[in-house]
>>> print(open('input.tsv').read())   # TSV, C-alpha atoms and all ligand atoms
chain	number	residue	atom	x	y	z
A	1	MET	CA	-29.24	-6.17	-24.68
A	2	ASP	CA	-29.09	-5.72	-20.93
A	3	ILE	CA	-25.34	-5.93	-20.25
A	4	ARG	CA	-25.93	-5.51	-16.52
A	5	ALA	CA	-27.93	-8.74	-16.44
A	6	LEU	CA	-24.76	-10.57	-17.49
A	7	ILE	CA	-22.53	-9.08	-14.79
A	8	LYS	CA	-21.90	-10.70	-11.36
A	9	GLN	CA	-23.90	-9.16	-8.50
A	10	GLU	CA	-20.64	-8.52	-6.61
A	11	VAL	CA	-19.39	-6.34	-9.47
A	12	LEU	CA	-22.69	-4.51	-10.02
A	13	GLY	CA	-22.75	-3.56	-6.35
A	14	GLN	CA	-19.31	-1.88	-6.41
A	15	LYS	CA	-17.82	1.46	-7.24
A	16	ALA	CA	-14.62	1.45	-9.33
A	17	TYR	CA	-11.47	2.39	-7.37
A	18	ALA	CA	-11.45	6.17	-7.46
A	19	VAL	CA	-8.28	7.82	-8.73
A	20	ASP	CA	-8.68	11.59	-8.63
A	21	PRO	CA	-8.31	12.74	-12.27
A	22	ALA	CA	-7.33	16.28	-11.22
A	23	SER	CA	-3.84	17.18	-12.38
A	24	CYS	CA	-2.34	19.47	-9.80
A	25	ARG	CA	1.00	21.20	-9.64
A	26	ILE	CA	1.76	19.51	-6.35
A	27	LYS	CA	0.66	15.89	-6.16
A	28	LEU	CA	0.39	14.64	-2.59
A	29	ASP	CA	-2.52	12.22	-2.94
A	30	ALA	CA	-1.11	8.80	-3.84
A	31	ASN	CA	1.71	8.06	-1.37
A	32	GLU	CA	4.35	8.19	-4.08
A	33	ASN	CA	8.02	9.06	-3.67
A	34	PRO	CA	8.18	12.77	-4.61
A	35	LEU	CA	11.73	12.41	-5.94
A	36	ALA	CA	12.58	11.38	-9.47
A	37	MET	CA	15.29	8.80	-10.01
A	38	PRO	CA	18.70	10.41	-9.27
A	39	ALA	CA	20.22	11.89	-12.43
A	40	GLU	CA	23.41	9.81	-12.18
A	41	LEU	CA	21.35	6.59	-12.29
A	42	ARG	CA	19.26	7.48	-15.31
A	43	PRO	CA	21.70	6.66	-18.15
A	44	ARG	CA	22.36	3.23	-16.63
A	45	PHE	CA	18.62	2.66	-16.18
A	46	ALA	CA	17.95	3.73	-19.77
A	47	ALA	CA	20.68	1.38	-21.05
A	48	ARG	CA	19.15	-1.49	-19.06
A	49	LEU	CA	15.73	-0.88	-20.56
A	50	ALA	CA	17.14	-0.40	-24.05
A	51	ALA	CA	18.72	-3.85	-23.86
A	52	VAL	CA	15.37	-5.56	-23.27
A	53	GLU	CA	14.30	-7.72	-26.20
A	54	LEU	CA	10.83	-6.36	-26.78
A	55	ASN	CA	10.12	-8.93	-29.49
A	56	ARG	CA	10.32	-11.75	-26.90
A	57	TYR	CA	7.89	-12.66	-24.17
A	58	PRO	CA	9.09	-11.84	-20.65
A	59	GLU	CA	10.64	-14.52	-18.48
A	60	ALA	CA	7.58	-16.39	-17.22
A	61	GLY	CA	7.24	-16.21	-13.46
A	62	SER	CA	10.19	-13.80	-13.06
A	63	VAL	CA	12.17	-16.75	-11.72
A	64	ALA	CA	15.61	-15.13	-11.74
A	65	LEU	CA	14.29	-12.04	-9.99
A	66	ALA	CA	12.40	-14.08	-7.41
A	67	ALA	CA	15.66	-15.86	-6.56
A	68	ARG	CA	17.49	-12.52	-6.15
A	69	PHE	CA	14.79	-11.04	-3.91
A	70	ALA	CA	14.62	-14.29	-1.94
A	71	ARG	CA	18.34	-14.00	-1.15
A	72	ALA	CA	17.81	-10.41	-0.02
A	73	PHE	CA	14.91	-11.48	2.24
A	74	GLY	CA	16.73	-14.58	3.53
A	75	VAL	CA	14.04	-16.99	2.30
A	76	GLY	CA	13.85	-19.74	-0.33
A	77	ALA	CA	13.38	-18.85	-4.01
A	78	ASP	CA	10.17	-20.93	-3.95
A	79	GLN	CA	8.75	-18.54	-1.33
A	80	VAL	CA	8.71	-15.42	-3.50
A	81	MET	CA	6.33	-14.32	-6.25
A	82	LEU	CA	6.51	-11.10	-8.24
A	83	GLY	CA	3.39	-9.28	-9.34
A	84	ASN	CA	2.21	-6.39	-11.44
A	85	GLY	CA	2.18	-4.27	-8.31
A	86	SER	CA	1.08	-5.75	-5.00
A	87	ASP	CA	-2.46	-5.08	-6.24
A	88	GLU	CA	-2.09	-8.05	-8.56
A	89	LEU	CA	-0.80	-10.25	-5.75
A	90	ILE	CA	-3.86	-9.35	-3.66
A	91	GLN	CA	-5.93	-10.47	-6.63
A	92	VAL	CA	-3.96	-13.72	-7.02
A	93	LEU	CA	-4.50	-14.51	-3.32
A	94	CYS	CA	-8.22	-13.78	-3.57
A	95	THR	CA	-8.66	-15.82	-6.75
A	96	ALA	CA	-6.91	-18.84	-5.26
A	97	LEU	CA	-8.66	-18.80	-1.89
A	98	ALA	CA	-12.24	-17.81	-2.80
A	99	ARG	CA	-13.88	-21.18	-2.23
A	100	PRO	CA	-17.70	-21.05	-2.19
A	101	GLY	CA	-18.92	-19.39	1.01
A	102	ALA	CA	-15.42	-18.33	2.11
A	103	GLY	CA	-14.81	-15.03	3.87
A	104	VAL	CA	-12.23	-12.27	4.04
A	105	MET	CA	-11.73	-10.20	7.20
A	106	ILE	CA	-10.36	-6.66	7.07
A	107	PRO	CA	-10.09	-3.93	9.66
A	108	THR	CA	-11.57	-0.58	8.61
A	109	PRO	CA	-10.61	1.93	7.50
A	110	THR	CA	-7.90	0.33	5.39
A	111	PHE	CA	-6.60	0.05	1.81
A	112	ALA	CA	-9.66	-0.02	-0.48
A	113	MET	CA	-8.39	-2.74	-2.83
A	114	TYR	CA	-8.71	-5.52	-0.22
A	115	ARG	CA	-12.49	-5.14	-0.16
A	116	ILE	CA	-12.92	-4.50	-3.88
A	117	THR	CA	-10.76	-7.46	-4.92
A	118	ALA	CA	-12.26	-9.84	-2.35
A	119	LEU	CA	-15.82	-8.97	-3.42
A	120	ASN	CA	-14.94	-9.41	-7.09
A	121	ALA	CA	-13.55	-12.86	-6.30
A	122	GLY	CA	-16.86	-13.82	-4.66
A	123	PHE	CA	-15.79	-13.60	-1.00
A	124	ARG	CA	-18.04	-12.46	1.80
A	125	VAL	CA	-16.19	-9.51	3.33
A	126	ALA	CA	-16.32	-8.88	7.09
A	127	GLU	CA	-15.18	-5.38	8.03
A	128	VAL	CA	-14.15	-4.90	11.65
A	129	PRO	CA	-13.71	-1.27	12.74
A	130	LEU	CA	-10.35	-0.33	14.24
A	131	ASP	CA	-10.40	0.79	17.86
A	132	ASP	CA	-10.24	4.42	19.03
A	133	SER	CA	-6.46	4.58	18.45
A	134	PHE	CA	-6.86	3.07	14.98
A	135	ASP	CA	-5.30	-0.14	16.28
A	136	LEU	CA	-6.75	-3.63	15.75
A	137	ASP	CA	-9.78	-4.36	17.90
A	138	LEU	CA	-8.62	-7.82	18.85
A	139	ALA	CA	-11.79	-8.78	20.75
A	140	ALA	CA	-14.01	-7.80	17.82
A	141	MET	CA	-11.76	-9.57	15.30
A	142	ARG	CA	-11.73	-12.70	17.46
A	143	ALA	CA	-15.51	-12.60	17.68
A	144	GLN	CA	-15.82	-12.20	13.91
A	145	ALA	CA	-13.29	-14.98	13.23
A	146	GLY	CA	-15.12	-17.22	15.71
A	147	ALA	CA	-18.45	-16.66	13.96
A	148	GLN	CA	-17.10	-17.00	10.41
A	149	PRO	CA	-13.46	-18.11	10.23
A	150	PRO	CA	-11.96	-16.08	7.35
A	151	ALA	CA	-9.87	-17.76	4.66
A	152	LEU	CA	-7.91	-14.52	4.38
A	153	THR	CA	-7.24	-11.58	6.67
A	154	PHE	CA	-5.59	-8.46	5.24
A	155	LEU	CA	-3.55	-6.23	7.56
A	156	ALA	CA	-1.66	-3.25	6.17
A	157	TYR	CA	1.45	-2.62	8.28
A	158	PRO	CA	1.59	0.40	8.51
A	159	ASN	CA	-2.07	0.88	7.68
A	160	ASN	CA	-3.31	3.07	4.87
A	161	PRO	CA	-4.88	5.61	5.45
A	162	THR	CA	-4.40	5.75	9.24
A	163	ALA	CA	-0.55	5.70	8.88
A	164	ASN	CA	0.16	3.69	12.04
A	165	CYS	CA	1.64	0.22	12.49
A	166	PHE	CA	-0.85	-1.93	14.36
A	167	SER	CA	0.36	-3.47	17.61
A	168	ALA	CA	2.77	-6.30	16.74
A	169	GLU	CA	1.44	-8.30	19.71
A	170	ARG	CA	-2.11	-8.12	18.37
A	171	ILE	CA	-1.00	-9.21	14.91
A	172	GLY	CA	0.96	-12.03	16.59
A	173	SER	CA	-2.21	-13.17	18.39
A	174	LEU	CA	-4.20	-13.17	15.14
A	175	LEU	CA	-1.45	-15.16	13.44
A	176	ARG	CA	-1.42	-17.75	16.21
A	177	GLU	CA	-5.20	-18.06	16.33
A	178	ALA	CA	-6.17	-17.76	12.65
A	179	ALA	CA	-7.28	-20.83	10.75
A	180	GLY	CA	-6.76	-18.99	7.46
A	181	ILE	CA	-4.02	-16.96	5.81
A	182	VAL	CA	-3.01	-13.66	7.41
A	183	VAL	CA	-1.54	-11.18	4.93
A	184	VAL	CA	0.74	-8.54	6.42
A	185	ASP	CA	1.02	-5.91	3.69
A	186	GLU	CA	4.28	-4.04	4.20
A	187	ALA	CA	3.81	-1.60	1.30
A	188	TYR	CA	5.26	1.18	3.49
A	189	PHE	CA	8.10	-0.89	4.95
A	190	HIS	CA	10.78	1.60	3.89
A	191	PHE	CA	9.21	4.27	6.08
A	192	ALA	CA	8.25	2.12	9.08
A	193	GLN	CA	11.31	-0.16	9.02
A	194	GLN	CA	9.34	-2.77	10.92
A	195	THR	CA	8.67	-6.18	9.44
A	196	PHE	CA	7.14	-9.57	10.09
A	197	LEU	CA	9.69	-11.28	7.81
A	198	PRO	CA	11.43	-13.04	10.73
A	199	GLU	CA	8.07	-14.65	11.61
A	200	LEU	CA	7.81	-16.38	8.22
A	201	GLY	CA	9.72	-19.44	9.33
A	202	ARG	CA	7.53	-19.81	12.41
A	203	ARG	CA	4.08	-19.21	10.91
A	204	GLU	CA	2.69	-21.32	8.09
A	205	ASN	CA	-0.24	-18.97	7.60
A	206	LEU	CA	1.76	-15.74	7.21
A	207	VAL	CA	2.09	-13.99	3.85
A	208	ILE	CA	4.00	-10.73	3.47
A	209	LEU	CA	3.48	-8.23	0.67
A	210	ARG	CA	6.03	-5.63	-0.40
A	211	THR	CA	6.13	-3.18	-3.29
A	212	LEU	CA	8.64	-0.97	-5.06
A	213	SER	CA	5.87	1.58	-5.71
A	214	LYS	CA	6.50	3.68	-2.62
A	215	VAL	CA	10.30	3.85	-2.91
A	216	GLY	CA	10.40	5.36	-6.38
A	217	LEU	CA	9.19	2.89	-9.00
A	218	ALA	CA	5.41	3.28	-8.90
A	219	ALA	CA	5.22	3.50	-12.69
A	220	MET	CA	6.94	0.14	-13.11
A	221	ARG	CA	4.31	-1.81	-11.11
A	222	ILE	CA	6.50	-4.21	-9.14
A	223	GLY	CA	5.03	-6.06	-6.17
A	224	LEU	CA	6.38	-8.94	-4.11
A	225	LEU	CA	4.70	-11.73	-2.19
A	226	ILE	CA	6.69	-13.73	0.34
A	227	GLY	CA	5.05	-16.76	1.92
A	228	PRO	CA	5.23	-20.47	2.64
A	229	ALA	CA	6.45	-22.50	-0.37
A	230	PRO	CA	3.36	-24.80	-0.50
A	231	LEU	CA	1.10	-21.75	-0.77
A	232	VAL	CA	3.28	-19.99	-3.37
A	233	ARG	CA	3.20	-23.20	-5.43
A	234	GLU	CA	-0.61	-23.03	-5.57
A	235	LEU	CA	-0.67	-19.28	-6.19
A	236	ASN	CA	1.59	-19.80	-9.20
A	237	LYS	CA	-1.25	-21.73	-10.84
A	238	VAL	CA	-3.44	-18.63	-10.63
A	239	ARG	CA	-0.85	-16.07	-11.73
A	240	LEU	CA	-0.88	-15.15	-15.42
A	241	PRO	CA	2.27	-16.54	-17.08
A	242	TYR	CA	3.75	-13.19	-18.16
A	243	ASN	CA	2.35	-11.05	-15.38
A	244	LEU	CA	5.47	-8.92	-14.97
A	245	ASN	CA	6.52	-7.37	-18.27
A	246	SER	CA	10.17	-7.39	-19.32
A	247	LEU	CA	10.70	-3.67	-18.70
A	248	SER	CA	9.40	-4.05	-15.14
A	249	GLN	CA	11.60	-7.11	-14.62
A	250	ALA	CA	14.59	-5.09	-15.82
A	251	ALA	CA	13.63	-2.22	-13.51
A	252	ALA	CA	13.34	-4.58	-10.53
A	253	GLY	CA	16.80	-5.98	-11.26
A	254	PHE	CA	18.13	-2.45	-11.52
A	255	TYR	CA	16.54	-1.63	-8.16
A	256	LEU	CA	18.41	-4.50	-6.52
A	257	ASP	CA	21.69	-3.36	-8.09
A	258	GLU	CA	21.21	0.25	-7.01
A	259	GLU	CA	19.12	-0.21	-3.88
A	260	GLU	CA	21.31	2.11	-1.82
A	261	ALA	CA	20.24	5.16	-3.87
A	262	PHE	CA	16.55	4.32	-3.38
A	263	LEU	CA	17.05	3.76	0.35
A	264	GLU	CA	18.75	7.16	0.63
A	265	GLN	CA	15.65	8.76	-0.84
A	266	ALA	CA	13.47	6.88	1.67
A	267	ALA	CA	15.67	8.18	4.50
A	268	LYS	CA	15.17	11.74	3.23
A	269	ILE	CA	11.41	11.21	3.12
A	270	ARG	CA	11.47	9.97	6.73
A	271	ARG	CA	13.27	13.19	7.74
A	272	TRP	CA	10.86	15.36	5.77
A	273	ARG	CA	7.95	13.49	7.36
A	274	GLY	CA	9.11	14.71	10.76
A	275	GLU	CA	9.38	18.29	9.53
A	276	LEU	CA	5.94	18.17	7.86
A	277	THR	CA	4.32	16.72	10.97
A	278	THR	CA	5.89	19.40	13.16
A	279	ALA	CA	4.70	22.15	10.81
A	280	MET	CA	1.16	20.76	10.71
A	281	GLU	CA	0.97	20.44	14.48
A	282	THR	CA	1.31	24.21	14.84
A	283	LEU	CA	-1.82	24.83	12.71
A	284	PRO	CA	-5.02	25.74	14.54
A	285	GLY	CA	-7.73	23.07	14.44
A	286	ILE	CA	-5.50	20.43	12.82
A	287	ARG	CA	-4.96	17.13	14.61
A	288	VAL	CA	-2.16	14.98	13.26
A	289	ARG	CA	-2.12	11.21	13.82
A	290	PRO	CA	1.21	9.47	14.55
A	291	THR	CA	2.72	8.18	11.31
A	292	ASP	CA	5.00	5.26	10.40
A	293	ALA	CA	4.41	5.76	6.67
A	294	ASN	CA	5.26	8.29	3.95
A	295	PHE	CA	2.00	10.11	4.53
A	296	VAL	CA	0.21	11.93	7.30
A	297	PHE	CA	-3.38	11.23	8.35
A	298	PHE	CA	-4.99	14.23	9.97
A	299	SER	CA	-8.33	15.68	10.88
A	300	CYS	CA	-9.46	19.26	10.87
A	301	ASP	CA	-12.10	20.96	12.96
A	302	PHE	CA	-13.33	22.91	9.94
A	303	ASP	CA	-15.26	21.85	6.86
A	304	ALA	CA	-12.79	19.35	5.40
A	305	ASP	CA	-14.38	19.50	1.95
A	306	ARG	CA	-13.76	23.24	1.86
A	307	VAL	CA	-10.15	22.72	2.93
A	308	TYR	CA	-9.65	20.02	0.29
A	309	THR	CA	-11.14	22.20	-2.45
A	310	GLY	CA	-9.16	25.23	-1.28
A	311	LEU	CA	-5.93	23.24	-1.57
A	312	LYS	CA	-6.91	22.01	-5.02
A	313	GLU	CA	-7.59	25.58	-6.15
A	314	ARG	CA	-4.04	26.39	-5.07
A	315	GLY	CA	-2.72	23.49	-7.16
A	316	ILE	CA	-2.23	21.02	-4.30
A	317	LEU	CA	-3.87	17.59	-4.45
A	318	ILE	CA	-4.29	15.49	-1.31
A	319	LYS	CA	-6.77	12.70	-0.48
A	320	ASN	CA	-10.03	13.54	1.22
A	321	PHE	CA	-11.54	10.90	3.52
A	322	ASN	CA	-14.18	13.20	4.99
A	323	ALA	CA	-17.43	11.26	5.45
A	324	PRO	CA	-20.17	11.15	8.05
A	325	GLY	CA	-19.13	9.05	11.06
A	326	ARG	CA	-15.66	8.43	12.42
A	327	LEU	CA	-13.80	9.75	9.38
A	328	LYS	CA	-15.48	13.14	9.63
A	329	GLY	CA	-12.88	15.81	8.95
A	330	PHE	CA	-10.11	13.34	8.01
A	331	MET	CA	-7.66	13.80	5.16
A	332	ARG	CA	-4.37	12.23	4.07
A	333	VAL	CA	-1.35	14.03	2.68
A	334	THR	CA	1.71	12.33	1.20
A	335	VAL	CA	5.11	13.58	2.35
A	336	GLY	CA	6.50	15.64	-0.52
A	337	THR	CA	9.77	17.50	-0.99
A	338	PRO	CA	10.51	20.20	1.62
A	339	GLU	CA	9.33	22.86	-0.88
A	340	GLU	CA	6.07	21.01	-1.54
A	341	ASN	CA	5.51	20.37	2.16
A	342	ASN	CA	6.10	24.04	3.01
A	343	GLU	CA	3.74	25.18	0.30
A	344	PHE	CA	1.12	22.69	1.50
A	345	ALA	CA	1.44	23.78	5.14
A	346	GLU	CA	1.28	27.46	4.18
A	347	ALA	CA	-1.76	26.89	1.95
A	348	LEU	CA	-3.46	24.98	4.75
A	349	ARG	CA	-2.71	27.79	7.18
A	350	SER	CA	-4.14	30.39	4.85
A	351	ILE	CA	-7.31	28.37	4.18
A	352	LEU	CA	-7.86	27.78	7.90
A	353	THR	CA	-7.50	31.45	8.73
A	354	GLU	CA	-9.53	32.75	5.75
B	1	LIG	C1	-1.41	-0.83	1.92
B	1	LIG	C2	-1.19	-0.84	0.44
B	1	LIG	N1	-0.96	-1.98	-0.18
B	1	LIG	C3	-0.74	-2.04	-1.50
B	1	LIG	C4	-0.76	-0.91	-2.28
B	1	LIG	C5	-0.61	-1.02	-3.76
B	1	LIG	O1	0.69	-1.09	-4.13
B	1	LIG	P1	1.14	-1.41	-5.61
B	1	LIG	O2	1.45	-0.12	-6.26
B	1	LIG	O3	2.33	-2.30	-5.43
B	1	LIG	O4	0.02	-2.15	-6.31
B	1	LIG	C6	-1.00	0.33	-1.67
B	1	LIG	C7	-1.02	1.55	-2.51
B	1	LIG	O5	-1.42	2.59	-2.15
B	1	LIG	C8	-1.23	0.36	-0.28
B	1	LIG	O6	-1.48	1.51	0.35
>>> encode(input="input.tsv", output="structure tokens")
Amino acid sequence: MDIRALIKQEVLGQKAYAVDPASCRIKLDANENPLAMPAELRPRFAARLAAVELNRYPEAGSVALAARFARAFGVGADQVMLGNGSDELIQVLCTALARPGAGVMIPTPTFAMYRITALNAGFRVAEVPLDDSFDLDLAAMRAQAGAQPPALTFLAYPNNPTANCFSAERIGSLLREAAGIVVVDEAYFHFAQQTFLPELGRRENLVILRTLSKVGLAAMRIGLLIGPAPLVRELNKVRLPYNLNSLSQAAAGFYLDEEEAFLEQAAKIRRWRGELTTAMETLPGIRVRPTDANFVFFSCDFDADRVYTGLKERGILIKNFNAPGRLKGFMRVTVGTPEENNEFAEALRSILTE
């Protein structure tokens, strides 16, 4: 039997999202929080999880949690949806909006899952290269939207992997002009501290995504979508009933109760980001891009593949974006603990001067 003959063209034409299987001593490849949950929180967290009734289905739609997050965001409870990571919410949006012939517009380079998920849902995907400063090329995006108005535009704010927040004015223009939904994905909000939340009341086509993955709960898979109530109502028809398992719901509630401790960790990471950037800037042949996120995007004048492999041999995993064209020499490193960052910077220095 030819299994491939049964599979959608859009799926056949794709590569699966690549997660590097290498297990390294120092893991700086996935934009995670390098700190474990503070020791004083752990017994309370464990007790919360132990109280979960595993024999029962989760609360469908995470209604109580949505209401709590809505209060924190200053929006209505009917404007919030929780997901199994923001990845799932991207999928829910794509599933609901992929009418025949519809398009998705994304700037490139950006987070890989926008393209993968949109293609799987049957969208045409228009990729518009970022300008020379890795900001939105408004003229090119306008031209693309004029030719084929997208049902959905995905903007990561700050962008992954380029680490910068796009110009708020340019995003504002797209929001005003777009006929479709504009998703502002604030996965790295805790490191940029800039948000489009106040625009929600003014823009019917704005959807904001958040996640708890980058502030310390990546394993729990908790994403948040905040948007206009009429849209959220429709998206709820697409969402699987028990999409957020009970342990994740308990973890999200715990996060809200103990948010201060998580925010303190984010503040440390912002400080360490500055130190890491400064250390990297002193290295010969390394060019560091400005960062609003918990990672640093940088290019090197040397063979980036050799640098990447050299780091891996020393037990340090980062993400390699090196490819012919504009990403030649580019790599991304997550901000780790000061010890990890020092070891990374020293390893980089020794590889460059080998
Ligand atoms: C811009 C952006 N959005 C969303 C995600 C996925 O987040 P989650 O873990 O909530 O699925 C990532 C993860 O790297 C990301 O970089």
>>> closest_residue(input="input.tsv", among="A:Leu352, A:Ala279, A:Phe321, A:Leu138", to="Arg306 (chain A)", atoms="only C-alpha atoms")
A:Leu352
>>> residues_around(input="input.tsv", residues="region 107-124 of chain A", least_positions_apart="4", cutoff="6 Å", atoms="only C-alpha atoms", output="ChimeraX atom specification")
/A:10-11,91,94-95,98,102-103,128-130,160
>>> residues_around(input="input.tsv", residues="region 197-211 of chain A", least_positions_apart="2", cutoff="10 Å", atoms="all atoms listed in the file", output="number ranges by chain")
A: 73-75, 79-87, 89-90, 93, 152-157, 172, 175-176, 178-190, 194-195, 213-215, 217-218, 221-232
>>> closest_residue(input="input.tsv", among="A:Ile269, A:Gly76, A:Lys15, A:Ala145", to="Val125 (chain A)", atoms="only C-alpha atoms")
A:Ala145
>>> atom_distance(input="input.tsv", atom1="CA of Asp29 (chain A)", atom2="CA of Leu263 (chain A)")
21.6 Å
>>> decode(input="input.tsv", residues="region 182-219 of chain A", atoms="C-alpha atoms", output="tab-separated table (two decimals), in the first residue's frame")
chain	number	residue	atom	x	y	z
A	182	VAL	CA	-3.27	39.99	12.79
A	183	VAL	CA	-1.71	37.78	15.46
A	184	VAL	CA	0.86	39.47	17.68
A	185	ASP	CA	2.68	36.59	19.35
A	186	GLU	CA	4.12	37.85	22.62
A	187	ALA	CA	5.83	34.58	23.61
A	188	TYR	CA	8.82	36.61	24.89
A	189	PHE	CA	6.77	39.32	26.63
A	190	HIS	CA	8.51	38.83	29.97
A	191	PHE	CA	11.83	39.81	28.43
A	192	ALA	CA	10.63	42.63	26.15
A	193	GLN	CA	7.99	44.04	28.51
A	194	GLN	CA	6.22	45.58	25.53
A	195	THR	CA	2.70	44.59	24.62
A	196	PHE	CA	-0.18	45.26	22.26
A	197	LEU	CA	-2.74	44.36	24.95
A	198	PRO	CA	-3.98	47.96	25.28
A	199	GLU	CA	-4.82	47.89	21.55
A	200	LEU	CA	-7.26	44.99	21.97
A	201	GLY	CA	-10.21	47.22	22.73
A	202	ARG	CA	-9.50	49.36	19.67
A	203	ARG	CA	-8.78	46.67	17.07
A	204	GLU	CA	-11.29	43.97	16.18
A	205	ASN	CA	-8.72	42.08	14.13
A	206	LEU	CA	-6.01	41.84	16.81
A	207	VAL	CA	-5.18	38.55	18.53
A	208	ILE	CA	-2.43	38.29	21.13
A	209	LEU	CA	-0.63	35.07	22.06
A	210	ARG	CA	1.23	34.52	25.31
A	211	THR	CA	2.87	31.45	26.83
A	212	LEU	CA	4.20	30.30	30.18
A	213	SER	CA	6.90	28.28	28.37
A	214	LYS	CA	9.56	30.98	28.46
A	215	VAL	CA	9.09	31.99	32.11
A	216	GLY	CA	9.69	28.57	33.60
A	217	LEU	CA	6.87	26.17	32.75
A	218	ALA	CA	7.82	24.88	29.29
A	219	ALA	CA	7.14	21.29	30.34
